[in-house]
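With PDB, C-alpha atoms inside, this is my_file04.pdb:
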ATOM      1  CA  MET A  25       0.000   0.000   0.000
ATOM      2  CA  LEU A  26       1.477   3.382  -1.028
ATOM      3  CA  CYS A  27       0.387   6.772   0.184
ATOM      4  CA  GLY A  28       1.391   9.691  -2.042
ATOM      5  CA  GLU A  29       4.093   9.981  -4.665
ATOM      6  CA  GLY A  30       7.522   8.841  -3.481
ATOM      7  CA  ALA A  31       6.070   7.647  -0.171
ATOM      8  CA  LEU A  32       7.163   4.500   1.566
ATOM      9  CA  PRO A  33       4.951   1.418   1.269
ATOM     10  CA  ILE A  34       2.838   1.026   4.412
ATOM     11  CA  ARG A  35       2.952  -2.129   6.525
ATOM     12  CA  TYR A  36       0.305  -2.683   9.197
ATOM     13  CA  GLY A  37       1.355  -4.919  12.061
ATOM     14  CA  CYS A  38       0.246  -5.906  15.533
ATOM     15  CA  LEU A  39       2.873  -5.996  18.269
ATOM     16  CA  ASP A  40       3.087  -7.363  21.784
ATOM     17  CA  GLU A  41       5.401  -9.236  24.096
ATOM     18  CA  SER A  42       4.841 -12.424  26.062
ATOM     19  CA  ARG A  43       6.670 -14.205  28.871
ATOM     20  CA  PHE A  44       7.779 -17.800  28.419
ATOM     21  CA  GLY A  45       9.267 -19.664  31.349
ATOM     22  CA  LEU A  46       9.833 -22.875  33.253
ATOM     23  CA  LYS A  47       6.624 -22.627  35.281
ATOM     24  CA  THR A  48       4.145 -25.162  33.904
ATOM     25  CA  ILE A  49       1.346 -23.820  31.723
ATOM     26  CA  PRO A  50      -1.814 -25.653  32.841
ATOM     27  CA  ARG A  51      -4.651 -26.103  30.351
ATOM     28  CA  ARG A  52      -7.891 -28.021  30.274
ATOM     29  CA  ARG A  53      -7.758 -31.785  30.052
ATOM     30  CA  ILE A  54     -10.488 -34.273  29.310
ATOM     31  CA  THR A  55     -11.536 -36.036  32.517
ATOM     32  CA  LEU A  56     -14.607 -37.583  34.014
ATOM     33  CA  SER A  57     -17.213 -35.112  35.198
ATOM     34  CA  GLY A  58     -16.261 -33.750  38.612
ATOM     35  CA  THR A  59     -12.679 -35.044  38.379
ATOM     36  CA  LYS A  60      -9.852 -32.544  38.654
ATOM     37  CA  PRO A  61      -7.247 -33.040  35.906
ATOM     38  CA  LEU A  62      -3.825 -34.190  37.022
ATOM     39  CA  GLY A  63      -0.613 -33.191  35.333
ATOM     40  CA  PRO A  64       3.042 -32.549  36.069
ATOM     41  CA  VAL A  65       3.649 -29.114  37.568
ATOM     42  CA  GLN A  66       6.835 -27.149  38.020
ATOM     43  CA  TRP A  67       6.961 -23.871  39.922
ATOM     44  CA  ARG A  68      10.450 -22.657  38.928
ATOM     45  CA  PHE A  69      10.175 -19.020  37.921
ATOM     46  CA  GLU A  70      12.845 -18.466  35.301
ATOM     47  CA  ALA A  71      11.660 -16.802  32.133
ATOM     48  CA  PHE A  72      12.429 -14.737  29.065
ATOM     49  CA  TYR A  73      10.281 -12.449  26.935
ATOM     50  CA  LEU A  74       9.466 -12.853  23.295
ATOM     51  CA  TYR A  75       8.614  -9.636  21.471
ATOM     52  CA  GLY A  76       6.728 -10.102  18.242
ATOM     53  CA  ALA A  77       4.990  -8.277  15.445
ATOM     54  CA  VAL A  78       2.685  -9.916  12.906
ATOM     55  CA  GLU A  79       0.928  -8.679   9.804
ATOM     56  CA  PRO A  80      -2.663  -9.960   9.847
ATOM     57  CA  MET A  81      -3.017  -9.610   6.079
ATOM     58  CA  THR A  82       0.121 -11.502   4.975
ATOM     59  CA  GLY A  83       1.079 -13.486   8.070
ATOM     60  CA  GLU A  84       4.603 -12.108   7.959
ATOM     61  CA  SER A  85       6.215 -11.918  11.393
ATOM     62  CA  PHE A  86       9.267 -10.665  13.265
ATOM     63  CA  PHE A  87      10.291 -11.991  16.705
ATOM     64  CA  LEU A  88      13.131 -11.209  19.114
ATOM     65  CA  GLU A  89      13.922 -12.574  22.562
ATOM     66  CA  PHE A  90      14.815 -10.418  25.556
ATOM     67  CA  THR A  91      15.634 -11.211  29.182
ATOM     68  CA  HIS A  92      13.052  -8.748  30.488
ATOM     69  CA  SER A  93      10.287  -6.431  29.392
ATOM     70  CA  ASP A  94      10.802  -2.680  29.630
ATOM     71  CA  SER A  95      10.892   0.427  27.448
ATOM     72  CA  THR A  96      14.606  -0.033  26.668
ATOM     73  CA  CYS A  97      14.010  -3.533  25.288
ATOM     74  CA  PHE A  98      10.954  -2.274  23.419
ATOM     75  CA  GLU A  99      13.007   0.507  21.838
ATOM     76  CA  VAL A 100      15.695  -1.988  20.766
ATOM     77  CA  TYR A 101      12.989  -4.221  19.290
ATOM     78  CA  LEU A 102      11.539  -1.338  17.249
ATOM     79  CA  GLU A 103      15.029  -0.427  15.985
ATOM     80  CA  GLN A 104      15.638  -4.020  14.899
ATOM     81  CA  LEU A 105      12.230  -4.190  13.211
ATOM     82  CA  ALA A 106      12.923  -0.922  11.374
ATOM     83  CA  GLN A 107      16.353  -2.170  10.265
ATOM     84  CA  HIS A 108      14.890  -5.463   9.081
ATOM     85  CA  TYR A 109      12.336  -3.627   6.898
ATOM     86  CA  PRO A 110      14.117  -0.323   6.147
ATOM     87  CA  HIS A 111      12.111   0.852   3.135
ATOM     88  CA  GLN A 112       8.604   0.708   4.575
ATOM     89  CA  LEU A 113       6.461   2.795   6.893
ATOM     90  CA  HIS A 114       5.371   0.637   9.839
ATOM     91  CA  VAL A 115       1.995   1.346  11.408
ATOM     92  CA  ILE A 116       1.937  -0.825  14.515
ATOM     93  CA  GLN A 117      -1.101  -1.592  16.685
ATOM     94  CA  LEU A 118      -0.312  -2.266  20.330
ATOM     95  CA  ASP A 119      -1.653  -1.889  23.842
ATOM     96  CA  GLN A 120      -1.028   1.077  26.116
ATOM     97  CA  GLY A 121       1.421  -0.701  28.406
ATOM     98  CA  SER A 122       3.837   1.555  30.272
ATOM     99  CA  LEU A 123       6.789   0.262  28.265
ATOM    100  CA  HIS A 124       5.018   1.293  25.034
ATOM    101  CA  THR A 125       4.182   4.805  26.253
ATOM    102  CA  ALA A 126       7.386   5.742  28.103
ATOM    103  CA  LYS A 127       8.253   9.431  27.736
ATOM    104  CA  THR A 128      11.888   8.568  26.968
ATOM    105  CA  LEU A 129      10.961   6.239  24.103
ATOM    106  CA  GLN A 130      12.714   7.116  20.831
ATOM    107  CA  LEU A 131      10.877   5.780  17.765
ATOM    108  CA  PRO A 132      12.622   5.060  14.475
ATOM    109  CA  ASP A 133      11.677   7.547  11.747
ATOM    110  CA  HIS A 134       9.479   5.121   9.820
ATOM    111  CA  VAL A 135       7.535   3.642  12.754
ATOM    112  CA  VAL A 136       4.118   4.928  13.851
ATOM    113  CA  LEU A 137       2.413   3.506  16.948
ATOM    114  CA  LEU A 138      -1.366   3.041  16.903
ATOM    115  CA  PHE A 139      -2.651   2.465  20.442
ATOM    116  CA  GLN A 140      -5.740   0.357  21.018
ATOM    117  CA  PRO A 141      -8.170   1.254  23.824
ATOM    118  CA  PRO A 142      -6.953   0.454  27.360
ATOM    119  CA  HIS A 143      -7.703  -2.944  28.884
ATOM    120  CA  SER A 144      -8.662  -4.553  25.559
ATOM    121  CA  PRO A 145      -6.138  -7.296  24.762
ATOM    122  CA  GLN A 146      -8.806  -9.091  22.706
ATOM    123  CA  LEU A 147      -8.373  -6.399  20.024
ATOM    124  CA  ASN A 148      -4.732  -7.294  19.410
ATOM    125  CA  PRO A 149      -4.507 -10.302  17.067
ATOM    126  CA  ILE A 150      -1.033 -11.313  18.220
ATOM    127  CA  GLU A 151      -2.613 -12.394  21.512
ATOM    128  CA  ARG A 152      -4.109 -15.347  19.606
ATOM    129  CA  LEU A 153      -0.644 -16.283  18.377
ATOM    130  CA  TRP A 154       0.747 -16.232  21.927
ATOM    131  CA  GLN A 155      -2.194 -18.412  23.015
ATOM    132  CA  HIS A 156      -1.512 -20.825  20.146
ATOM    133  CA  LEU A 157       2.163 -21.150  21.125
ATOM    134  CA  LYS A 158       1.392 -21.612  24.817
ATOM    135  CA  ASP A 159      -1.280 -24.217  24.068
ATOM    136  CA  HIS A 160       1.442 -26.342  22.472
ATOM    137  CA  LEU A 161       3.676 -25.857  25.520
ATOM    138  CA  SER A 162       1.002 -26.708  28.086
ATOM    139  CA  TRP A 163       1.746 -29.376  30.666
ATOM    140  CA  GLN A 164       5.359 -29.648  29.484
ATOM    141  CA  ILE A 165       8.207 -29.450  31.955
ATOM    142  CA  PHE A 166      11.569 -28.066  30.896
ATOM    143  CA  ASP A 167      14.724 -28.470  32.987
ATOM    144  CA  ARG A 168      16.463 -25.452  31.480
ATOM    145  CA  LEU A 169      15.429 -22.269  29.675
ATOM    146  CA  ASP A 170      17.585 -23.377  26.742
ATOM    147  CA  ASP A 171      15.375 -26.462  26.336
ATOM    148  CA  LEU A 172      12.292 -24.238  26.249
ATOM    149  CA  ARG A 173      13.999 -21.865  23.788
ATOM    150  CA  GLU A 174      14.752 -24.769  21.476
ATOM    151  CA  VAL A 175      11.170 -26.060  21.490
ATOM    152  CA  LEU A 176       9.761 -22.553  21.066
ATOM    153  CA  SER A 177      12.164 -21.856  18.208
ATOM    154  CA  GLU A 178      11.000 -25.031  16.456
ATOM    155  CA  ARG A 179       7.349 -24.017  16.962
ATOM    156  CA  LEU A 180       8.012 -20.557  15.511
ATOM    157  CA  LYS A 181       9.816 -22.035  12.496
ATOM    158  CA  ALA A 182       6.893 -24.394  11.923
ATOM    159  CA  LEU A 183       4.450 -21.483  11.771
ATOM    160  CA  THR A 184       3.828 -20.621   8.145
ATOM    161  CA  SER A 185       2.603 -17.231   6.980
ATOM    162  CA  ALA A 186      -0.737 -18.861   6.191
ATOM    163  CA  VAL A 187      -1.116 -20.160   9.759
ATOM    164  CA  ILE A 188      -0.155 -16.798  11.254
ATOM    165  CA  ALA A 189      -2.574 -14.988   8.924
ATOM    166  CA  SER A 190      -5.377 -17.407   9.851
ATOM    167  CA  LEU A 191      -4.759 -16.833  13.587
ATOM    168  CA  THR A 192      -4.376 -13.053  13.386
ATOM    169  CA  GLY A 193      -6.545 -12.051  10.414
ATOM    170  CA  TYR A 194      -9.482 -10.515  12.242
ATOM    171  CA  ASP A 195     -12.262  -9.554   9.816
ATOM    172  CA  PHE A 196     -12.538  -5.973  11.107
ATOM    173  CA  ILE A 197      -8.806  -5.422  10.498
ATOM    174  CA  LEU A 198      -8.711  -7.105   7.081
ATOM    175  CA  SER A 199     -11.742  -5.178   5.836
ATOM    176  CA  ALA A 200     -10.196  -1.897   7.026
ATOM    177  CA  LEU A 201      -6.929  -2.666   5.261
TER     178      LEU A 201
END

As structure tokens - that is how I would like this structure written.
Amino acid sequence: MLCGEGALPIRYGCLDESRFGLKTIPRRRITLSGTKPLGPVQWRFEAFYLYGAVEPMTGESFFLEFTHSDSTCFEVYLEQLAQHYPHQLHVIQLDQGSLHTAKTLQLPDHVVLLFQPPHSPQLNPIERLWQHLKDHLSWQIFDRLDDLREVLSERLKALTSAVIASLTGYDFILSAL
């Protein structure tokens, strides 16, 4: 999509970050009525953050891992995203988290942030992608963060653009684009 003569092509993406760690992710299990599901549980709290942006229309994505989640990491992520796609204007939908709205935040020249209403994570399509990834990690126990990183990396590589687009392509966004 171009806007005006000589303008950069516009890319619309949805961005968020999610924590992945050694603590077990419990999910529903099929059991007899009234029976509580049993599963292995680990309470170790070691984690890392995965920052990601997806394009609902094409399914293209860009992910980076960080040790924590703050405005400095967010700024580095935006710089890396802008360097990865240098000749496009990025319009990015995201929530109004404090790391996204920090006063010290320096945006790359060709990045525009589009904030969704507060307390409305259901409007951000990347939340469905995080859910999809965590569903595949549920009830698994990892001894080390590196083991989790390896499995998560394999899951991300297995995600095709078509799968990402099907998870994140909300009708109201696609029709607006």

Select all residues near (6.1, 6.0, 15.1) (cut-off 10 Å, inclusive, file coordinates), counting all atoms listed in the file, and output them as an MDAnalysis selection string. chainID A and resid 102 113:116 130:138

List the spatial neighbours of A:Ser42 as a PyMOL selection string - criterion: any atom at most 8 Å away, all atoms listed in the file, same-chain residues fewer than 6 positions off excluded. chain A and resi 73-75+154

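Proximity to A:Thr192 was assessed for A:Asp159, A:Glu84, A:Asp167, A:Glu178 counting all atoms listed in the file; the smallest distance is recorded for A:Glu84.
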
Residues within 10 Å of A:Ile197, please, as a VMD selection string. Count only C-alpha atoms; anything in the same chain fewer than 5 positions from it doesn't count. chain A and resid 36 80 to 81 147 to 149 192

Kindly save the residues from that selection, with C-alpha atoms included, as an mmCIF file, keeping the file's coordinate frame.
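That gives us out-v5.cif:
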data_model
loop_
_atom_site.group_PDB
_atom_site.id
_atom_site.type_symbol
_atom_site.label_atom_id
_atom_site.label_comp_id
_atom_site.auth_asym_id
_atom_site.auth_seq_id
_atom_site.Cartn_x
_atom_site.Cartn_y
_atom_site.Cartn_z
ATOM 1 C CA TYR A 36 0.305 -2.683 9.197
ATOM 2 C CA PRO A 80 -2.663 -9.960 9.847
ATOM 3 C CA MET A 81 -3.017 -9.610 6.079
ATOM 4 C CA LEU A 147 -8.373 -6.399 20.024
ATOM 5 C CA ASN A 148 -4.732 -7.294 19.410
ATOM 6 C CA PRO A 149 -4.507 -10.302 17.067
ATOM 7 C CA THR A 192 -4.376 -13.053 13.386
#

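Residue selection for this entry, given the PyMOL selection byres ((chain A and resi 44-48) around 9), comprises Ser42, Arg43, Ile49, Pro50, Pro64, Val65, Gln66, Trp67, Arg68, Phe69, Glu70, Ala71, Phe72, Tyr73, Leu74, Lys158, Leu161, Ser162, Trp163, Gln164, Ile165, Phe166, Asp167, Arg168, Leu169, Leu172, Arg173 and Leu176 of chain A.
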
Any chance you could export the current selection's C-alpha atoms as a compact mmCIF listing (two decimals), in the frame of the given file?
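Below is the file again03.txt, written as the result:
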# COMPACT_ATOMS: atom_id res chain seq x y z
CA SER A 42 4.84 -12.42 26.06
CA ARG A 43 6.67 -14.20 28.87
CA ILE A 49 1.35 -23.82 31.72
CA PRO A 50 -1.81 -25.65 32.84
CA PRO A 64 3.04 -32.55 36.07
CA VAL A 65 3.65 -29.11 37.57
CA GLN A 66 6.84 -27.15 38.02
CA TRP A 67 6.96 -23.87 39.92
CA ARG A 68 10.45 -22.66 38.93
CA PHE A 69 10.18 -19.02 37.92
CA GLU A 70 12.84 -18.47 35.30
CA ALA A 71 11.66 -16.80 32.13
CA PHE A 72 12.43 -14.74 29.06
CA TYR A 73 10.28 -12.45 26.94
CA LEU A 74 9.47 -12.85 23.30
CA LYS A 158 1.39 -21.61 24.82
CA LEU A 161 3.68 -25.86 25.52
CA SER A 162 1.00 -26.71 28.09
CA TRP A 163 1.75 -29.38 30.67
CA GLN A 164 5.36 -29.65 29.48
CA ILE A 165 8.21 -29.45 31.96
CA PHE A 166 11.57 -28.07 30.90
CA ASP A 167 14.72 -28.47 32.99
CA ARG A 168 16.46 -25.45 31.48
CA LEU A 169 15.43 -22.27 29.68
CA LEU A 172 12.29 -24.24 26.25
CA ARG A 173 14.00 -21.86 23.79
CA LEU A 176 9.76 -22.55 21.07

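Interatomic distance, atom CA of A:Glu41 against atom CA of A:Gly76: 6.1 Å.
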